[in-house]
Amino acid sequence: MTEKSWQFKPEPDPEMTQNLARALQVPQAAARLLVQRGVESFEAAKQYFRPDWTQLHDPFLMKDMDRAVARIQEEVARGNPIMVFGDYDVDGTTSVSLMMAYLKRYGVPLTPYIPDRYQEGYGISKQGIDVAKQQGIALIIALDCGIKANDQVAYAKTLGIDFIICDHHLPGDTWPEAAAVLDPKRPDCAYPYKELCGCGVGFKLIQALHQSGGDQGEELAPFLDLVVTAIAADIVPITGENRTLAYLGLKQVNEDPRPGLAALLSSAKAKPYRIRDLVFVAAPRINAAGRIKHGAHAVELLLAGSAAEAEAMAEAIERYNLERRSLDQEITQQALDQIINRGEQEAVATVVYDPSWHKGVVGIVASRLIETYYRPTVVFTKSGDHLAASVRSVKGFDVYQALEACSEFMLQFGGHKYAAGLTLDPSQFENFKQAFNQEVARTLTPEQKVPQVAIDLPLPLSEITPKLFRILSQMAPFGPENARPVFAAHQVHVAPYTKAVGADLSHLRLVVHEPNEPTISGIAFGYGAMTEAVKKKGRCDVAYVIDENHWQGQTSLQLMVKDVRV
């Protein structure tokens with residue numbers, strides 16, 4: 001097993017920690033965590049632990065919001081049809097579902113449009129614009145895409161079609177000449193929170209439409225189950241307004257989710273549903289529709305009007321998901337075999353290719369390969385006359401910059417620091433592979449070659465109490481920049497009940513304690529091979545998350561182990 005590097009976060013100010021612990025009457029460990037996360041006063045803690053509707057920003061603070069509302073109201077007043085266009089991933093399909101569900105109250109004809117992943121590719125397509133023209137549509141609302149679609153929007157204009165862009169990606173030097181461009185990342189946009197997902201920007205638009213009609217924001221609660229699903233799946237920071245939307249959205253998911261989402265979550269273990277249920281249960285199934293069949297199936301499910309209708313659609317999407325998982329496992333094994341057969345286990349980067357690999361899962365396969373060979377990874381397949389690839393990176397390494405250095409060999413590429421996509425001519429594959437390996441070798445630092453475990457605080461096992469766990473639970477929803485706290489305990493004693501578990505004994509059931517203290521058990525997934533070494537040594541260091549275990553009607557605290565050091 002690859003040894004991991006433990007990265008401890010800086011210790012917070014001791015005086016500030018003590019003052020906060022007294023003011024909130026919480027354990028020191030909880031106060032230290034809060035100060036680390038920028039929660040430094042009683043009032044800030046109140047807002048952090050109890051997000052509510054008053055913490056959402058006025059949607060009209062977003063540049064062009066007034067223009068967007070006016071343009072939609074103009075079409076509604078005329079009774080004209082509107083197209084709702086979105087990407088084929090979770091953020092895009094939830095955005096389209098949200099906008100469709102809200103706009104139907106106006107009684108105008110609505111056309112949802114999700115581009116075909118393989119025929120049209122990402123973003124606004126000429127094909128979609130042509131469909132709008134055929135249907136006599138003069139307004140397209142584009143969600144989770146469009147900020148760089150200057151040419152497509154200009155083409156639509158020649159056909160008499162306007163666009164409202166709702167995006168959250170970084171704009172280029174110029175942006176489309178649309179009726180309105182809503183994007184908090186526009187440099188001329190003064191909106192206070194910049195990290196909304198695409199569905200979040202869509203929600204701000206319906207919030208503005210709602211306010212302009214004199215209605216209260218709380219009436220939009222039924223739409224927040226879609227927003228929190230997008231926040232979870234798109235891996236945006238769960239801070240500020242996103243945290244408020246996620247908190248209120250999870251409340252909606254647990255109390256009254258739409259039938260389609262309820263059907264998707266039916267395979268989750270138990271309520272209350274958490275962010276991780278949306279990430280690991282709902283999101284892969286929504287994505288599977290676009291990867292295996294068509295993203296429109298996900299929109300149909302999320303707009304289903306009854307449980308019976310939703311269950312039938314969810315069964316079909318589950319079949320797509322099972323096919324996706326099967327392909328993912330099969331292709332990952334083929335890629336691993338390719339690395340071994342070529343003797344590239346020690347290479348500085350992974351670049352693999354097979355023309356038969358399914359384009360819809362190569363991104364997942366790239367992430368899987370990093371679990372075995374921790375290094376920047378590019379997985380290619382055939383796409384028409386070209387080769388297409390998904391690129392994934394490791395912590396701290398900017399793979400987008402590495403691709404820029406190899407741009408002469410590519411037809412096109414796009415993405416960000418940790419994930420990207422590209423296409424190239426088959427004749428350039430070996431040139432690209434050589435150039436990419438050379439660039440990674442030149443720029444990858446020794447620290448970036450080692451997986452990291454980010455640890456919030458050292459915490460002796462004796463300080464783990466039900467009260468601390470209750471406080472930690474109230475720090476949810478967890479996600480980027482508000483992660484579930486990870487602790488470290490050093491030289492804990494290993495109890496005899498420690499053993500390898502699982503059908504193939506690949507996991508470690510670790511039972512540990514400190515001198516003269518009760519034992520606590522934990523599960524370390526994938527650490528089964530360490531069982532004998534841990535038991536023989538009798539002591540270990542452990543990085544862990546505190547969780548609850550429910551078994552035969554009994555509830556107890558347990559450790560979810562992130563890493564073990566002997």
# chains A, B, ... in the order shown; residues from 1 in each chain; ligands from 1
>>> residues_around(residues="Pro12 of chain A", least_positions_apart="2", cutoff="9 Å", atoms="only C-alpha atoms", output="list of chain:residue names")
A:Lys9, A:Pro10, A:Pro14, A:Glu15, A:Met16, A:Thr17, A:Arg32, A:Leu33, A:Val35, A:Gln36
>>> write_last_selection(atoms="N, CA and C atoms", output="short mmCIF file (atom, residue, chain, number, x, y, z; two decimals), in the first residue's frame")
data_model
loop_
_atom_site.label_atom_id
_atom_site.label_comp_id
_atom_site.auth_asym_id
_atom_site.auth_seq_id
_atom_site.Cartn_x
_atom_site.Cartn_y
_atom_site.Cartn_z
N LYS A 9 -3.34 20.72 9.60
CA LYS A 9 -3.70 22.12 9.41
C LYS A 9 -3.11 22.94 10.56
N PRO A 10 -2.86 24.24 10.31
CA PRO A 10 -2.29 25.08 11.37
C PRO A 10 -3.20 25.13 12.60
N PRO A 14 -5.07 30.14 20.25
CA PRO A 14 -5.54 29.53 21.52
C PRO A 14 -6.53 30.41 22.28
N GLU A 15 -6.26 31.72 22.35
CA GLU A 15 -7.15 32.61 23.10
C GLU A 15 -8.53 32.68 22.45
N MET A 16 -8.55 32.80 21.13
CA MET A 16 -9.81 32.85 20.41
C MET A 16 -10.60 31.54 20.60
N THR A 17 -9.86 30.43 20.58
CA THR A 17 -10.47 29.10 20.78
C THR A 17 -11.12 29.01 22.15
N ARG A 32 -11.82 24.60 18.42
CA ARG A 32 -10.63 24.68 17.55
C ARG A 32 -11.03 24.47 16.09
N LEU A 33 -11.90 23.51 15.84
CA LEU A 33 -12.36 23.25 14.47
C LEU A 33 -13.09 24.45 13.89
N VAL A 35 -12.88 27.68 14.75
CA VAL A 35 -11.97 28.80 14.47
C VAL A 35 -11.15 28.52 13.21
N GLN A 36 -10.73 27.26 13.03
CA GLN A 36 -10.01 26.88 11.81
C GLN A 36 -10.83 27.20 10.56
#
>>> select_by_dssp(residues="segment 48-211 of chain A", states="alpha helix (DSSP H)", output="PyMOL selection string")
chain A and resi 48-49+65-78+90-103+126-134+150-158+198-211
>>> atom_distance(atom1="atom CA of Phe380 of chain A", atom2="atom CA of Pro446 of chain A")
26.4 Å
>>> select_by_dssp(residues="segment 97-150 of chain A", states="strand (DSSP E)", output="list of chain:residue names")
A:Leu110, A:Thr111, A:Pro112, A:Tyr113, A:Leu139, A:Ile140, A:Ile141, A:Ala142, A:Leu143
>>> write_last_selection(atoms="C-alpha atoms", output="PDB file, in the first residue's frame")
ATOM      1  CA  LEU A 110     -41.647  24.554 -22.759  1.00  0.00           C
ATOM      2  CA  THR A 111     -39.067  22.420 -24.559  1.00  0.00           C
ATOM      3  CA  PRO A 112     -36.286  20.804 -22.490  1.00  0.00           C
ATOM      4  CA  TYR A 113     -33.100  20.180 -24.464  1.00  0.00           C
ATOM      5  CA  LEU A 139     -35.803  32.468 -26.317  1.00  0.00           C
ATOM      6  CA  ILE A 140     -33.420  29.788 -25.022  1.00  0.00           C
ATOM      7  CA  ILE A 141     -32.432  29.675 -21.342  1.00  0.00           C
ATOM      8  CA  ALA A 142     -29.048  27.895 -21.184  1.00  0.00           C
ATOM      9  CA  LEU A 143     -28.004  26.446 -17.825  1.00  0.00           C
TER      10      LEU A 143
END
>>> closest_residue(among="A:Leu250, A:Ala190, A:Ala68, A:Val281", to="Ala178 of chain A", atoms="only C-alpha atoms")
A:Ala68
>>> closest_residue(among="A:Asp256, A:Asp183, A:Glu318, A:Asp151", to="Leu205 of chain A", atoms="only C-alpha atoms")
A:Asp183
>>> decode(residues="segment 174-211 of chain A", atoms="C-alpha atoms", output="PDB file, in the first residue's frame")
ATOM      1  CA  THR A 174     -15.396  38.319 -23.956  1.00  0.00           C
ATOM      2  CA  TRP A 175     -18.718  36.578 -23.469  1.00  0.00           C
ATOM      3  CA  PRO A 176     -21.741  35.961 -25.704  1.00  0.00           C
ATOM      4  CA  GLU A 177     -23.925  38.848 -26.839  1.00  0.00           C
ATOM      5  CA  ALA A 178     -27.002  37.374 -25.187  1.00  0.00           C
ATOM      6  CA  ALA A 179     -30.139  39.011 -23.795  1.00  0.00           C
ATOM      7  CA  ALA A 180     -28.614  38.344 -20.351  1.00  0.00           C
ATOM      8  CA  VAL A 181     -25.456  36.624 -19.101  1.00  0.00           C
ATOM      9  CA  LEU A 182     -25.762  35.455 -15.491  1.00  0.00           C
ATOM     10  CA  ASP A 183     -22.414  34.261 -14.147  1.00  0.00           C
ATOM     11  CA  PRO A 184     -21.062  35.336 -10.738  1.00  0.00           C
ATOM     12  CA  LYS A 185     -17.532  34.793 -12.098  1.00  0.00           C
ATOM     13  CA  ARG A 186     -17.942  37.620 -14.623  1.00  0.00           C
ATOM     14  CA  PRO A 187     -15.292  40.179 -13.631  1.00  0.00           C
ATOM     15  CA  ASP A 188     -17.912  42.948 -13.805  1.00  0.00           C
ATOM     16  CA  CYS A 189     -20.405  41.049 -11.592  1.00  0.00           C
ATOM     17  CA  ALA A 190     -20.602  42.290  -7.997  1.00  0.00           C
ATOM     18  CA  TYR A 191     -22.577  39.279  -6.711  1.00  0.00           C
ATOM     19  CA  PRO A 192     -21.205  38.552  -3.196  1.00  0.00           C
ATOM     20  CA  TYR A 193     -20.786  34.764  -3.598  1.00  0.00           C
ATOM     21  CA  LYS A 194     -18.790  33.454  -6.566  1.00  0.00           C
ATOM     22  CA  GLU A 195     -18.922  29.664  -6.103  1.00  0.00           C
ATOM     23  CA  LEU A 196     -22.504  28.778  -7.086  1.00  0.00           C
ATOM     24  CA  CYS A 197     -22.964  25.708  -9.284  1.00  0.00           C
ATOM     25  CA  GLY A 198     -24.971  25.951 -12.523  1.00  0.00           C
ATOM     26  CA  CYS A 199     -28.177  24.855 -10.796  1.00  0.00           C
ATOM     27  CA  GLY A 200     -27.447  27.454  -8.105  1.00  0.00           C
ATOM     28  CA  VAL A 201     -27.355  30.202 -10.741  1.00  0.00           C
ATOM     29  CA  GLY A 202     -30.624  28.804 -12.161  1.00  0.00           C
ATOM     30  CA  PHE A 203     -32.135  28.956  -8.685  1.00  0.00           C
ATOM     31  CA  LYS A 204     -31.165  32.615  -8.339  1.00  0.00           C
ATOM     32  CA  LEU A 205     -33.031  33.277 -11.592  1.00  0.00           C
ATOM     33  CA  ILE A 206     -36.243  31.634 -10.378  1.00  0.00           C
ATOM     34  CA  GLN A 207     -35.790  33.424  -7.040  1.00  0.00           C
ATOM     35  CA  ALA A 208     -35.643  36.736  -8.947  1.00  0.00           C
ATOM     36  CA  LEU A 209     -38.712  35.817 -11.022  1.00  0.00           C
ATOM     37  CA  HIS A 210     -40.527  34.906  -7.812  1.00  0.00           C
ATOM     38  CA  GLN A 211     -39.560  38.132  -6.050  1.00  0.00           C
TER      39      GLN A 211
END
